[in-house]
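Student: Take this structure, written in structure tokens, and hold onto it; I'll ask about it next.
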Amino acid sequence: MSTNLKYLSLGILVFQTTSLVLTMRYSRTLKEEGPRYLSSTAVVVAELLKIMACILLVYKDSKCSLRALNRILHDEILNKPMETLKLAIPSGIYTLQNNLLYVALSNLDAATYQVTYQLKILTTALFSVSMLSKKLGVYQWLSLVILMTGVAFVQWPSDSQELDSKELSAGSQFVGLMAVLTACFSSGFAGVYFEKILKETKQSVWIRNIQLGFFGSIFGLMGVYIYDGELVSKNGFFQGYNRLTWIVVILQALGGLVIAAVIKYADNILKGFATSLSIILSTLISYFWLQDFVPTRSTSSCVFSIH
């Protein structure tokens, strides 16, 4: 049973990662009449959906008893305010990261984004060494150097890219690159910080995700008010939402739950293979379906060598 759950969670992770990148990219570049949906509101809705899903999972674990659910939430969240407040830091960083991913995929093709975002492996390793006192071997450091080299080659301008408009190459791609690099650092720090919290306490992953979602919703609403308050007051919170937008939101909410399941039933090595498969699938679909990615020697070799 555990073996089936392991491969099921990995399969869902490949599907979720690939689908999220492609649908998010497509939704941000699709030209439609009327206002485009606000990424800040999409982040908030995704957090709320994640909270609802985690509450249902806790309800299931408590043998479908509302009294038991209420007691667990009260004891684990309200009666432990300091433990709950610890999640405010990674939650705020994750909220920033989720908003940055929308910016990145609005300015980069799916394949370039997927490969560049793998720099989070490097940042995660660096924060793990500094915060968790982990030790990496020579081959592990060498792998990280190769990863950095591969990402640098992906960003190296090709002849076809030089023929593109100056506005796209100098403006949009730079914004997208800065967004994804910032997301890499935020992902590395928040992930290691969250891992440290999980190892220091015995609370379930679902409870921790509820706490993350609670603070994420608050930080997300603050972002909506600060950056998109005028647009929301003018056209509404759900302006520009359509079927594709809801698919993106649901996939983003599913991401946190899938990662929790992978951590529980699989391991980081298999998770790495799942991520690699997702990169290859995203590259192929980005080329054949979205037609916004032209493979070069450097990008092709990097995409099919990262694992």
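In the structure tokens, chains take letters A, B, ... by order of appearance, with residues numbered from 1 within each chain and ligands from 1 in the order shown.
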Neighbours of region 33-43 of chain A within 12 Å (only C-alpha atoms; same-chain residues fewer than 5 positions away dropped), as a PyMOL selection string?
Tutor: chain A and resi 24-25+27-28+48-50+91-92+94-106+213+216-232+234-253
Student: With C-alpha atoms retained, write the just-selected residues as a PDB file, in the first residue's frame.
Tutor:
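To be explicit, this is the file written out as again_21.pdb:
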```
ATOM      1  CA  MET A  24       0.010  29.663 -15.618  1.00  0.00           C
ATOM      2  CA  ARG A  25       2.178  30.691 -18.567  1.00  0.00           C
ATOM      3  CA  SER A  27      -3.146  32.224 -18.735  1.00  0.00           C
ATOM      4  CA  ARG A  28      -0.733  35.140 -18.380  1.00  0.00           C
ATOM      5  CA  LEU A  48      -7.867  29.527   1.055  1.00  0.00           C
ATOM      6  CA  LEU A  49      -8.430  26.390  -1.011  1.00  0.00           C
ATOM      7  CA  LYS A  50      -5.373  24.782   0.568  1.00  0.00           C
ATOM      8  CA  SER A  91       4.362  31.818   5.023  1.00  0.00           C
ATOM      9  CA  GLY A  92       5.228  35.423   4.154  1.00  0.00           C
ATOM     10  CA  TYR A  94       6.043  31.650   0.245  1.00  0.00           C
ATOM     11  CA  THR A  95       3.435  34.331  -0.511  1.00  0.00           C
ATOM     12  CA  LEU A  96       6.134  36.531  -2.044  1.00  0.00           C
ATOM     13  CA  GLN A  97       7.457  33.558  -3.978  1.00  0.00           C
ATOM     14  CA  ASN A  98       4.042  32.648  -5.409  1.00  0.00           C
ATOM     15  CA  ASN A  99       3.537  36.210  -6.639  1.00  0.00           C
ATOM     16  CA  LEU A 100       7.018  36.232  -8.188  1.00  0.00           C
ATOM     17  CA  LEU A 101       6.271  33.046 -10.121  1.00  0.00           C
ATOM     18  CA  TYR A 102       3.369  34.780 -11.852  1.00  0.00           C
ATOM     19  CA  VAL A 103       5.725  37.623 -12.808  1.00  0.00           C
ATOM     20  CA  ALA A 104       8.361  35.166 -14.045  1.00  0.00           C
ATOM     21  CA  LEU A 105       5.954  33.162 -16.203  1.00  0.00           C
ATOM     22  CA  SER A 106       4.507  36.364 -17.638  1.00  0.00           C
ATOM     23  CA  GLY A 213      -2.282  28.993   4.668  1.00  0.00           C
ATOM     24  CA  GLY A 216      -0.408  33.265   3.668  1.00  0.00           C
ATOM     25  CA  SER A 217      -3.964  34.492   3.261  1.00  0.00           C
ATOM     26  CA  ILE A 218      -3.297  37.474   5.530  1.00  0.00           C
ATOM     27  CA  PHE A 219      -0.073  38.434   3.744  1.00  0.00           C
ATOM     28  CA  GLY A 220      -1.754  37.857   0.393  1.00  0.00           C
ATOM     29  CA  LEU A 221      -4.663  40.143   1.239  1.00  0.00           C
ATOM     30  CA  MET A 222      -2.189  42.803   2.324  1.00  0.00           C
ATOM     31  CA  GLY A 223      -0.509  42.484  -1.078  1.00  0.00           C
ATOM     32  CA  VAL A 224      -3.848  42.786  -2.850  1.00  0.00           C
ATOM     33  CA  TYR A 225      -4.679  45.954  -0.915  1.00  0.00           C
ATOM     34  CA  ILE A 226      -1.262  47.565  -1.430  1.00  0.00           C
ATOM     35  CA  TYR A 227      -0.606  46.730  -5.087  1.00  0.00           C
ATOM     36  CA  ASP A 228      -4.018  46.088  -6.632  1.00  0.00           C
ATOM     37  CA  GLY A 229      -6.426  47.870  -4.285  1.00  0.00           C
ATOM     38  CA  GLU A 230      -7.603  50.358  -6.910  1.00  0.00           C
ATOM     39  CA  LEU A 231      -8.160  47.669  -9.534  1.00  0.00           C
ATOM     40  CA  VAL A 232     -10.084  45.495  -7.085  1.00  0.00           C
ATOM     41  CA  LYS A 234     -12.929  49.230  -9.685  1.00  0.00           C
ATOM     42  CA  ASN A 235     -13.476  45.813 -11.284  1.00  0.00           C
ATOM     43  CA  GLY A 236     -13.904  43.440  -8.325  1.00  0.00           C
ATOM     44  CA  PHE A 237     -11.781  40.817  -6.575  1.00  0.00           C
ATOM     45  CA  PHE A 238     -12.484  38.142  -9.193  1.00  0.00           C
ATOM     46  CA  GLN A 239     -11.981  40.319 -12.258  1.00  0.00           C
ATOM     47  CA  GLY A 240     -10.770  38.420 -15.302  1.00  0.00           C
ATOM     48  CA  TYR A 241     -11.418  35.009 -13.711  1.00  0.00           C
ATOM     49  CA  ASN A 242     -12.415  32.266 -16.118  1.00  0.00           C
ATOM     50  CA  ARG A 243     -12.226  28.479 -16.257  1.00  0.00           C
ATOM     51  CA  LEU A 244      -8.487  28.559 -17.000  1.00  0.00           C
ATOM     52  CA  THR A 245      -7.839  30.883 -14.066  1.00  0.00           C
ATOM     53  CA  TRP A 246      -9.603  28.535 -11.666  1.00  0.00           C
ATOM     54  CA  ILE A 247      -7.550  25.630 -13.007  1.00  0.00           C
ATOM     55  CA  VAL A 248      -4.360  27.584 -12.250  1.00  0.00           C
ATOM     56  CA  VAL A 249      -5.573  28.427  -8.735  1.00  0.00           C
ATOM     57  CA  ILE A 250      -6.555  24.819  -7.980  1.00  0.00           C
ATOM     58  CA  LEU A 251      -3.228  23.488  -9.278  1.00  0.00           C
ATOM     59  CA  GLN A 252      -1.338  25.994  -7.140  1.00  0.00           C
ATOM     60  CA  ALA A 253      -3.311  24.977  -4.061  1.00  0.00           C
TER      61      ALA A 253
END
```
Student: Measuring atom to atom with only C-alpha atoms, identify which of A:Gly191, A:Lys63, A:Lys31, A:Gln173 is nearest to Thr124 (chain A).
Tutor: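 Closest residue, counting only C-alpha atoms: A:Gly191.
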Student: Could you state the separation of CA of Ala183 (chain A) and CA of Ser9 (chain A) in Å, given to one decimal place?
Tutor: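 Computing it gives 24.3 Å between the two atoms.
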Student: Go through A:Ser143, A:Thr29, A:Asn70, A:Ser278 one by one, measure the shortest atom-to-atom distance of each to Asp109 (chain A) using only C-alpha atoms, and give the residue with the smallest value.
Tutor: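 Ranked by minimum distance to Asp109 (chain A), first place goes to A:Thr29.
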